[in-house]
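S.K.: Below is input02.pdb; it holds PDB, C-alpha atoms.
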ATOM      1  CA  MET A 178      48.283 -52.465  -9.904
ATOM      2  CA  ARG A 179      48.808 -49.673 -12.403
ATOM      3  CA  ILE A 180      50.010 -50.523 -15.886
ATOM      4  CA  PRO A 181      52.881 -48.334 -17.084
ATOM      5  CA  GLY A 182      51.733 -45.871 -19.765
ATOM      6  CA  GLU A 183      47.985 -46.240 -18.961
ATOM      7  CA  GLY A 184      47.390 -42.474 -18.763
ATOM      8  CA  LEU A 185      49.247 -41.871 -22.012
ATOM      9  CA  ALA A 186      47.105 -44.455 -23.775
ATOM     10  CA  LYS A 187      43.875 -42.834 -22.544
ATOM     11  CA  GLY A 188      45.013 -39.420 -23.759
ATOM     12  CA  LEU A 189      45.921 -40.767 -27.202
ATOM     13  CA  ALA A 190      42.547 -42.509 -27.423
ATOM     14  CA  VAL A 191      40.732 -39.197 -26.876
ATOM     15  CA  THR A 192      42.926 -37.533 -29.481
ATOM     16  CA  MET A 193      42.277 -40.245 -32.078
ATOM     17  CA  ARG A 194      38.524 -40.112 -31.405
ATOM     18  CA  HIS A 195      38.382 -36.382 -32.144
ATOM     19  CA  MET A 196      40.685 -36.676 -35.151
ATOM     20  CA  LEU A 197      38.356 -39.124 -36.852
ATOM     21  CA  ARG A 198      35.200 -37.053 -36.118
ATOM     22  CA  LYS A 199      34.044 -34.392 -38.577
ATOM     23  CA  SER A 200      34.698 -30.898 -37.205
ATOM     24  CA  GLU A 201      31.955 -28.261 -37.112
ATOM     25  CA  THR A 202      33.669 -24.895 -37.391
ATOM     26  CA  GLN A 203      31.744 -21.688 -38.084
ATOM     27  CA  GLN A 204      33.594 -19.683 -40.689
ATOM     28  CA  TYR A 205      33.415 -16.294 -38.963
ATOM     29  CA  PRO A 206      33.241 -13.496 -40.204
ATOM     30  CA  GLU A 207      31.867 -14.903 -43.445
ATOM     31  CA  VAL A 208      29.202 -16.822 -41.520
ATOM     32  CA  HIS A 209      27.631 -15.063 -38.556
ATOM     33  CA  PRO A 210      26.748 -17.128 -35.498
ATOM     34  CA  ASP A 211      23.148 -17.815 -34.573
ATOM     35  CA  LEU A 212      22.774 -15.925 -31.305
ATOM     36  CA  PRO A 213      19.936 -16.451 -28.823
ATOM     37  CA  ALA A 214      16.998 -14.081 -28.942
ATOM     38  CA  ARG A 215      17.960 -12.393 -25.643
ATOM     39  CA  SER A 216      21.659 -11.950 -26.355
ATOM     40  CA  ARG A 217      23.296  -8.954 -24.684
ATOM     41  CA  GLY A 218      25.298  -7.454 -27.498
ATOM     42  CA  VAL A 219      24.877  -3.682 -27.283
ATOM     43  CA  ILE A 220      22.323  -1.230 -25.873
ATOM     44  CA  ALA A 221      20.154   0.502 -28.484
ATOM     45  CA  LEU A 222      18.207   3.755 -28.017
ATOM     46  CA  VAL A 223      14.804   4.779 -29.365
ATOM     47  CA  GLU A 224      15.102   8.542 -29.107
ATOM     48  CA  GLU A 225      11.401   9.253 -29.640
ATOM     49  CA  ASN A 226      10.472   7.343 -26.470
ATOM     50  CA  CYS A 227      13.006   9.029 -24.179
ATOM     51  CA  THR A 228      11.489  11.606 -21.785
ATOM     52  CA  VAL A 229      14.784  12.520 -20.053
ATOM     53  CA  CYS A 230      13.576  11.106 -16.733
ATOM     54  CA  MET A 231      17.223  10.275 -15.802
ATOM     55  CA  LEU A 232      16.272   6.946 -14.231
ATOM     56  CA  CYS A 233      18.768   4.981 -16.317
ATOM     57  CA  ALA A 234      21.639   7.345 -15.454
ATOM     58  CA  ARG A 235      20.818   7.305 -11.731
ATOM     59  CA  GLU A 236      20.455   3.517 -11.502
ATOM     60  CA  CYS A 237      23.569   2.691 -13.543
ATOM     61  CA  PRO A 238      26.110   1.140 -11.107
ATOM     62  CA  ASP A 239      29.058   2.210 -13.316
ATOM     63  CA  TRP A 240      27.841   5.743 -14.102
ATOM     64  CA  CYS A 241      28.566   5.225 -17.782
ATOM     65  CA  ILE A 242      25.446   6.992 -19.155
ATOM     66  CA  TYR A 243      25.613  10.710 -19.923
ATOM     67  CA  ILE A 244      22.438  12.700 -20.625
ATOM     68  CA  ASP A 245      21.973  16.393 -21.458
ATOM     69  CA  SER A 246      18.646  18.125 -22.196
ATOM     70  CA  HIS A 247      16.852  21.446 -22.223
ATOM     71  CA  LYS A 248      13.261  22.598 -21.727
ATOM     72  CA  GLU A 249      11.111  23.687 -24.613
ATOM     73  CA  THR A 250       7.768  25.486 -24.379
ATOM     74  CA  LEU A 251       5.051  24.273 -26.706
ATOM     75  CA  PRO A 252       2.567  26.817 -28.093
ATOM     76  CA  ALA A 253      -0.721  26.899 -26.259
ATOM     77  CA  PRO A 254      -3.751  25.440 -28.027
ATOM     78  CA  GLU A 255      -6.898  27.462 -28.363
ATOM     79  CA  GLY A 256      -8.357  28.019 -24.921
ATOM     80  CA  GLY A 257      -5.387  26.394 -23.130
ATOM     81  CA  ARG A 258      -2.023  27.304 -21.692
ATOM     82  CA  PRO A 259       1.519  26.599 -22.964
ATOM     83  CA  ARG A 260       3.248  23.445 -21.807
ATOM     84  CA  ALA A 261       6.953  22.739 -21.211
ATOM     85  CA  ARG A 262       8.688  19.495 -22.177
ATOM     86  CA  ASN A 263      12.222  18.105 -21.980
ATOM     87  CA  VAL A 264      14.157  17.832 -25.245
ATOM     88  CA  LEU A 265      17.038  15.337 -25.427
ATOM     89  CA  ASP A 266      20.333  16.922 -26.474
ATOM     90  CA  ARG A 267      22.816  14.153 -25.704
ATOM     91  CA  PHE A 268      22.548  10.488 -24.776
ATOM     92  CA  ALA A 269      25.877   8.660 -24.660
ATOM     93  CA  ILE A 270      26.997   5.329 -23.224
ATOM     94  CA  ASP A 271      30.636   4.530 -22.480
ATOM     95  CA  PHE A 272      30.909   0.814 -23.274
ATOM     96  CA  SER A 273      34.431   0.709 -21.876
ATOM     97  CA  LEU A 274      32.842   1.080 -18.433
ATOM     98  CA  CYS A 275      29.562  -0.756 -19.047
ATOM     99  CA  MET A 276      29.298  -4.196 -17.439
ATOM    100  CA  TYR A 277      26.160  -5.195 -19.410
ATOM    101  CA  CYS A 278      23.987  -5.678 -16.340
ATOM    102  CA  GLY A 279      20.831  -4.436 -18.116
ATOM    103  CA  ILE A 280      19.564  -2.364 -15.176
ATOM    104  CA  CYS A 281      19.099   0.713 -17.369
ATOM    105  CA  ILE A 282      16.857  -1.267 -19.736
ATOM    106  CA  GLU A 283      14.744  -2.691 -16.916
ATOM    107  CA  VAL A 284      14.146   0.630 -15.128
ATOM    108  CA  CYS A 285      13.252   2.607 -18.284
ATOM    109  CA  PRO A 286       9.503   3.306 -17.880
ATOM    110  CA  PHE A 287       8.919   4.303 -21.534
ATOM    111  CA  ASP A 288      10.730   1.500 -23.427
ATOM    112  CA  ALA A 289      13.494   3.691 -24.836
ATOM    113  CA  LEU A 290      16.375   1.211 -24.308
ATOM    114  CA  PHE A 291      16.653  -2.305 -25.753
ATOM    115  CA  TRP A 292      19.198  -5.073 -26.108
ATOM    116  CA  SER A 293      20.567  -5.554 -29.611
ATOM    117  CA  PRO A 294      22.466  -8.710 -30.684
ATOM    118  CA  GLU A 295      25.104  -6.608 -32.472
ATOM    119  CA  PHE A 296      28.565  -7.179 -31.025
ATOM    120  CA  GLU A 297      30.898  -5.976 -33.761
ATOM    121  CA  TYR A 298      31.761  -2.575 -32.378
ATOM    122  CA  ALA A 299      35.314  -3.163 -31.173
ATOM    123  CA  GLU A 300      37.757  -0.270 -31.478
ATOM    124  CA  TYR A 301      41.521   0.079 -31.445
ATOM    125  CA  ASP A 302      41.301   2.971 -28.996
ATOM    126  CA  ILE A 303      39.343   2.581 -25.788
ATOM    127  CA  ARG A 304      38.239   6.219 -25.993
ATOM    128  CA  ASP A 305      36.280   5.407 -29.160
ATOM    129  CA  LEU A 306      33.897   3.140 -27.185
ATOM    130  CA  LEU A 307      31.910   6.193 -26.065
ATOM    131  CA  HIS A 308      28.947   6.129 -28.467
ATOM    132  CA  GLU A 309      26.464   8.969 -28.846
ATOM    133  CA  LYS A 310      22.729   8.842 -29.492
ATOM    134  CA  ASP A 311      23.161   8.733 -33.308
ATOM    135  CA  ARG A 312      25.093   5.454 -33.146
ATOM    136  CA  LEU A 313      22.760   4.066 -30.479
ATOM    137  CA  GLY A 314      19.789   4.943 -32.686
ATOM    138  CA  GLU A 315      21.271   2.990 -35.616
ATOM    139  CA  TRP A 316      21.442  -0.143 -33.455
ATOM    140  CA  ALA A 317      17.724   0.203 -32.655
ATOM    141  CA  ALA A 318      16.928  -1.144 -36.143
ATOM    142  CA  THR A 319      18.678  -4.436 -35.288
ATOM    143  CA  VAL A 320      16.606  -5.128 -32.168
ATOM    144  CA  PRO A 321      14.724  -8.422 -32.751
ATOM    145  CA  PRO A 322      10.979  -8.539 -32.189
ATOM    146  CA  PRO A 323       9.813 -10.009 -28.886
ATOM    147  CA  PRO A 324       9.212 -13.762 -28.907
ATOM    148  CA  ALA A 325       5.668 -15.006 -29.385
ATOM    149  CA  HIS A 326       3.613 -15.933 -26.362
ATOM    150  CA  GLU A 327       3.230 -19.521 -25.366
ATOM    151  CA  VAL A 328       0.143 -21.376 -26.413
ATOM    152  CA  GLY A 329      -2.632 -20.766 -23.889
ATOM    153  CA  ALA A 330      -0.834 -17.877 -22.139
ATOM    154  CA  GLU A 331      -2.752 -14.787 -21.084
ATOM    155  CA  SER A 332      -2.556 -11.813 -23.403
ATOM    156  CA  PRO A 333      -0.810  -8.645 -22.149
ATOM    157  CA  LYS A 334      -2.876  -6.196 -20.142
ATOM    158  CA  GLU A 335      -2.362  -3.497 -22.771
ATOM    159  CA  LEU A 336      -3.916  -5.605 -25.517
ATOM    160  CA  SER A 337      -6.748  -6.907 -23.360
ATOM    161  CA  ALA A 338      -7.617  -3.378 -22.209
ATOM    162  CA  GLY A 339      -7.610  -2.066 -25.789
ATOM    163  CA  SER A 340      -9.818  -4.842 -27.129
ATOM    164  CA  ARG A 341     -12.283  -4.691 -24.276
ATOM    165  CA  PRO A 342     -15.670  -3.287 -25.384
ATOM    166  CA  ALA A 343     -16.730   0.022 -23.911
ATOM    167  CA  PRO A 344     -19.179  -0.343 -21.024
ATOM    168  CA  ALA A 345     -22.755   0.415 -21.964
ATOM    169  CA  ARG A 346     -24.229   3.564 -20.506
ATOM    170  CA  ARG A 347     -26.733   2.956 -17.809
ATOM    171  CA  THR A 348     -30.077   4.541 -18.480
ATOM    172  CA  ALA A 349     -32.867   5.022 -15.996
ATOM    173  CA  PRO A 350     -35.694   2.558 -16.399
ATOM    174  CA  PRO A 351     -38.847   4.057 -17.856
ATOM    175  CA  ALA A 352     -41.409   5.190 -15.319
ATOM    176  CA  PRO A 353     -44.255   2.759 -15.007
ATOM    177  CA  VAL A 354     -47.464   3.994 -16.541
ATOM    178  CA  LYS A 355     -50.255   3.920 -14.027
ATOM    179  CA  GLY A 356     -53.387   2.636 -15.648
ATOM    180  CA  PRO A 357     -56.480   0.874 -14.480
ATOM    181  CA  ALA A 358     -55.962  -2.673 -13.327
ATOM    182  CA  GLU A 359     -57.279  -5.455 -15.427
ATOM    183  CA  GLY A 360     -61.007  -6.071 -14.696
ATOM    184  CA  ALA A 361     -61.287  -2.929 -12.490
ATOM    185  CA  SER A 362     -63.386   0.044 -13.399
ATOM    186  CA  VAL A 363     -62.692   3.733 -12.883
ATOM    187  CA  ALA A 364     -65.243   3.892 -10.088
ATOM    188  CA  GLN A 365     -63.508   1.171  -8.092
ATOM    189  CA  GLU A 366     -60.157   2.984  -8.374
ATOM    190  CA  ALA A 367     -61.717   6.228  -7.186
ATOM    191  CA  ALA A 368     -63.245   4.407  -4.191
ATOM    192  CA  GLN A 369     -59.877   2.887  -3.266
ATOM    193  CA  GLU A 370     -58.134   6.270  -3.436
ATOM    194  CA  ALA A 371     -60.826   7.874  -1.245
ATOM    195  CA  ALA A 372     -60.476   5.106   1.349
ATOM    196  CA  GLN A 373     -56.695   5.559   1.441
ATOM    197  CA  GLU A 374     -56.998   9.341   1.942
ATOM    198  CA  THR A 375     -59.510   8.840   4.780
ATOM    199  CA  ALA A 376     -57.230   6.385   6.559
ATOM    200  CA  ARG A 377     -54.282   8.779   6.136
ATOM    201  CA  ASP A 378     -56.246  11.716   7.624
ATOM    202  CA  THR A 379     -57.400   9.596  10.581
ATOM    203  CA  ALA A 380     -53.821   8.553  11.386
ATOM    204  CA  GLN A 381     -52.592  12.169  11.285
ATOM    205  CA  GLU A 382     -55.428  13.344  13.608
ATOM    206  CA  THR A 383     -54.659  10.571  16.113
ATOM    207  CA  ALA A 384     -50.981  11.563  16.147
ATOM    208  CA  ARG A 385     -51.880  15.233  16.803
ATOM    209  CA  GLU A 386     -54.160  14.327  19.769
ATOM    210  CA  ALA A 387     -51.449  12.142  21.310
ATOM    211  CA  ALA A 388     -48.929  14.996  20.996
ATOM    212  CA  ARG A 389     -51.347  17.480  22.675
ATOM    213  CA  GLU A 390     -51.999  15.115  25.601
ATOM    214  CA  THR A 391     -48.291  14.591  26.128
ATOM    215  CA  ALA A 392     -47.661  18.360  26.147
ATOM    216  CA  GLY A 393     -50.479  18.922  28.722
ATOM    217  CA  GLU A 394     -49.124  16.324  31.110
ATOM    218  CA  ALA A 395     -45.666  17.858  30.879
ATOM    219  CA  ALA A 396     -47.115  21.308  31.732
ATOM    220  CA  ARG A 397     -48.992  19.971  34.816
ATOM    221  CA  ARG A 398     -45.893  18.380  36.320
ATOM    222  CA  PRO A 399     -44.181  20.413  39.071
ATOM    223  CA  ALA A 400     -40.960  22.009  38.027
ATOM    224  CA  ALA A 401     -37.926  20.117  39.172
ATOM    225  CA  GLU A 402     -35.677  21.808  41.694
ATOM    226  CA  PRO A 403     -32.446  22.989  40.190
ATOM    227  CA  ALA A 404     -29.468  20.912  41.118
ATOM    228  CA  LYS A 405     -27.275  22.539  43.707
ATOM    229  CA  GLY A 406     -23.650  22.686  42.789
ATOM    230  CA  PRO A 407     -20.709  22.756  45.136
ATOM    231  CA  GLU A 408     -20.793  26.592  45.219
ATOM    232  CA  SER A 409     -24.441  26.798  46.395
ATOM    233  CA  ARG A 410     -23.971  24.450  49.357
ATOM    234  CA  PRO A 411     -23.805  26.234  52.797
ATOM    235  CA  ARG A 412     -20.412  26.281  54.408
ATOM    236  CA  ARG A 413     -20.239  23.994  57.429
ATOM    237  CA  GLU A 414     -19.066  25.663  60.611
ATOM    238  CA  PRO A 415     -16.435  23.822  62.678
ATOM    239  CA  PRO A 416     -17.443  22.643  66.192
ATOM    240  CA  ARG A 417     -17.066  24.874  69.221
ATOM    241  CA  ALA A 418     -13.978  23.159  70.584
ATOM    242  CA  MET A 419     -12.172  23.476  67.238
ATOM    243  CA  ARG A 420     -13.021  27.195  67.049
ATOM    244  CA  ASP A 421     -11.532  27.769  70.513
ATOM    245  CA  ILE A 422      -8.363  25.878  69.590
ATOM    246  CA  ARG A 423      -7.920  27.914  66.433
ATOM    247  CA  SER A 424      -8.339  31.132  68.378
ATOM    248  CA  ILE A 425      -5.516  30.149  70.787
ATOM    249  CA  ARG A 426      -3.098  28.118  68.614
ATOM    250  CA  PRO A 427      -2.038  28.682  65.052
ATOM    251  CA  PRO A 428      -3.434  26.320  62.429
ATOM    252  CA  GLY A 429      -1.583  23.021  62.253
ATOM    253  CA  SER A 430      -0.658  22.772  65.971
ATOM    254  CA  LEU A 431      -2.677  20.201  67.904
ATOM    255  CA  PRO A 432      -3.312  20.219  71.695
ATOM    256  CA  ARG A 433      -1.686  17.653  73.979
ATOM    257  CA  ASN A 434      -3.734  14.904  75.561
ATOM    258  CA  ALA A 435      -4.989  15.611  79.077
ATOM    259  CA  GLY A 436      -3.265  12.535  80.601
ATOM    260  CA  SER A 437       0.157  13.002  79.032
ATOM    261  CA  PRO A 438       2.874  14.615  81.211
ATOM    262  CA  PRO A 439       4.260  17.936  80.118
ATOM    263  CA  GLN A 440       7.286  17.639  77.898
ATOM    264  CA  LYS A 441      10.536  18.919  79.315
ATOM    265  CA  LYS A 442      12.277  21.457  77.201
ATOM    266  CA  ASP A 443      15.991  21.402  76.672
ATOM    267  CA  GLY A 444      18.120  24.324  77.691
ATOM    268  CA  PRO A 445      17.893  26.876  80.479
ATOM    269  CA  GLU A 446      14.140  27.288  80.030
ATOM    270  CA  GLY A 447      13.563  23.643  80.923
ATOM    271  CA  GLU A 448      15.515  23.944  84.156
ATOM    272  CA  ARG A 449      13.314  26.726  85.509
TER     273      ARG A 449
END
Could I get this structure in the form of structure tokens?
M.R.:
Amino acid sequence: MRIPGEGLAKGLAVTMRHMLRKSETQQYPEVHPDLPARSRGVIALVEENCTVCMLCARECPDWCIYIDSHKETLPAPEGGRPRARNVLDRFAIDFSLCMYCGICIEVCPFDALFWSPEFEYAEYDIRDLLHEKDRLGEWAATVPPPPAHEVGAESPKELSAGSRPAPARRTAPPAPVKGPAEGASVAQEAAQEAAQETARDTAQETAREAARETAGEAARRPAAEPAKGPESRPRREPPRAMRDIRSIRPPGSLPRNAGSPPQKKDGPEGER
């Protein structure tokens, strides 16, 4: 059973509880709020890092980035050739169209775009929200440094590659110096070398004799008859009966069997 005025009493209890509690109000704009490190306030530009690759403008889903550039030829160094590079003329972002998705910052391959926690850039006219590269460059100074790595985390690949010591150059090992073995005299070494040369000459002479015998046997063998191809085979003559049939009947017509009755032809020729 519901008590009349129960809901009203609960609402007044909540109101009284908050009235007696001390309020914590941030006195903005005198006191600025403490924003998280990855707050999405405004997009800042580092002009020196931009190579005019147009990736940010192509990937922007709102098409709110406008980029203009021109090519500039650098003087050739001594013994080289001149090189051309892109020079940034205009980089503007229309924040009246931007939806703060951050795709342009993620796809930038040269770290030219960053998130800045600045959010005080409201205007009375919506057309004034189109900011050029000078204003975007001023916001680059307010970009906070990246947070420190966690304890025990792996260092970035860029730092580990830079601190890695250069690999030592491989050098060929020194050639071993051939000298007399311990306890062996010069005469014993000369005897060993002479024995090795004699064994080497004997093996070469045996190989030559075996090659000569093999060549002689191959010369004494009778020459093999050449294989006859299909063109060199003699043409087989058909039997006598088949030659007589071909001389009487055209090719393709076969004679009737001897026991079969003659076939009766239709028409006036068959009645004769």
S.K.: Using the chain letters and numbering of this document, enumerate as a ChimeraX atom specification the residues selected by the PyMOL selection byres ((chain A and resi 204-210) around 12).
M.R.: /A:200-203,211-213,216,294-297
S.K.: Using all atoms listed in the file, list the residues that have an atom at most 12 Å from (10.2, 9.2, -23.1), coordinates as in the file, as a list in words.
M.R.: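 Those within range, by chain then number, are Leu222, Val223, Glu224, Glu225, Asn226, Cys227, Thr228, Val229, Cys230, Met231, Leu232, Cys233, Arg262, Asn263, Val264, Leu265, Cys285, Pro286, Phe287, Asp288, Ala289 and Leu290 of chain A.
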S.K.: Counting only C-alpha atoms, which residue out of A:Arg258, A:Arg304, A:Lys199, A:Lys248 sits closest to Phe272 in chain A?
M.R.: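 Using only C-alpha atoms, Phe272 in chain A sits closest to A:Arg304.
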S.K.: Quick one: apply the PyMOL selection byres ((chain A and resi 260) around 9) to the file and drop the selected residues here as JSON, numbers by chain.
M.R.: {"A": [249, 250, 251, 252, 253, 258, 259, 261, 262]}
S.K.: Any idea what's packed within 10 Å of Thr319 in chain A, counting all atoms listed in the file, ignoring anything in its chain fewer than 5 positions away? Could you give it as a ChimeraX atom specification?
M.R.: /A:221,291-295,314
S.K.: Ranking A:Ala384, A:Cys237, A:Ala371, A:Ala317 by minimum distance to Ile280 in chain A and counting all atoms listed in the file, which one comes first?
M.R.: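 The shortest atom-to-atom distance to Ile280 in chain A comes from A:Cys237.
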S.K.: Env of Cys241 in chain A: 8 Å cut, atoms = all atoms listed in the file, seq-sep filter 5 positions within chain, self excluded. Answer as a list in words.
M.R.: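 Counting all atoms listed in the file, the residues come to Ala234, Ile270, Asp271, Phe272, Leu274 and Cys275 of chain A.
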S.K.: Distance CA of Lys334 in chain A-CA of Ala318 in chain A, one decimal place?
M.R.: 26.0 Å
S.K.: Give me, please, the distance in Å between CA of Trp316 in chain A and CA of Ser273 in chain A, quoted to one decimal.
M.R.: 17.4 Å
S.K.: Please indicate the distance in Å from CA of Asp245 in chain A to CA of Asp266 in chain A, rounded to one decimal place.
M.R.: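 Spanning CA of Asp245 in chain A to CA of Asp266 in chain A is a straight-line distance of 5.3 Å.
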S.K.: Between A:Pro324, A:Lys310, A:Arg217, A:Gly184, which residue has the minimum interatomic distance to Ile242 in chain A, considering all atoms listed in the file?
M.R.: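 Answer, going by the shortest atom-to-atom distance: A:Lys310.
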S.K.: Please give the centre and size of the box around range 374-387 of chain A (axis-aligned, containing every atom listed in the file, 3 Å added per side), with values in Å to one decimal and written as AutoDock Vina command-line options.
M.R.:
--center_x -55.2 --center_y 10.8 --center_z 11.6 --size_x 14.5 --size_y 14.8 --size_z 25.4
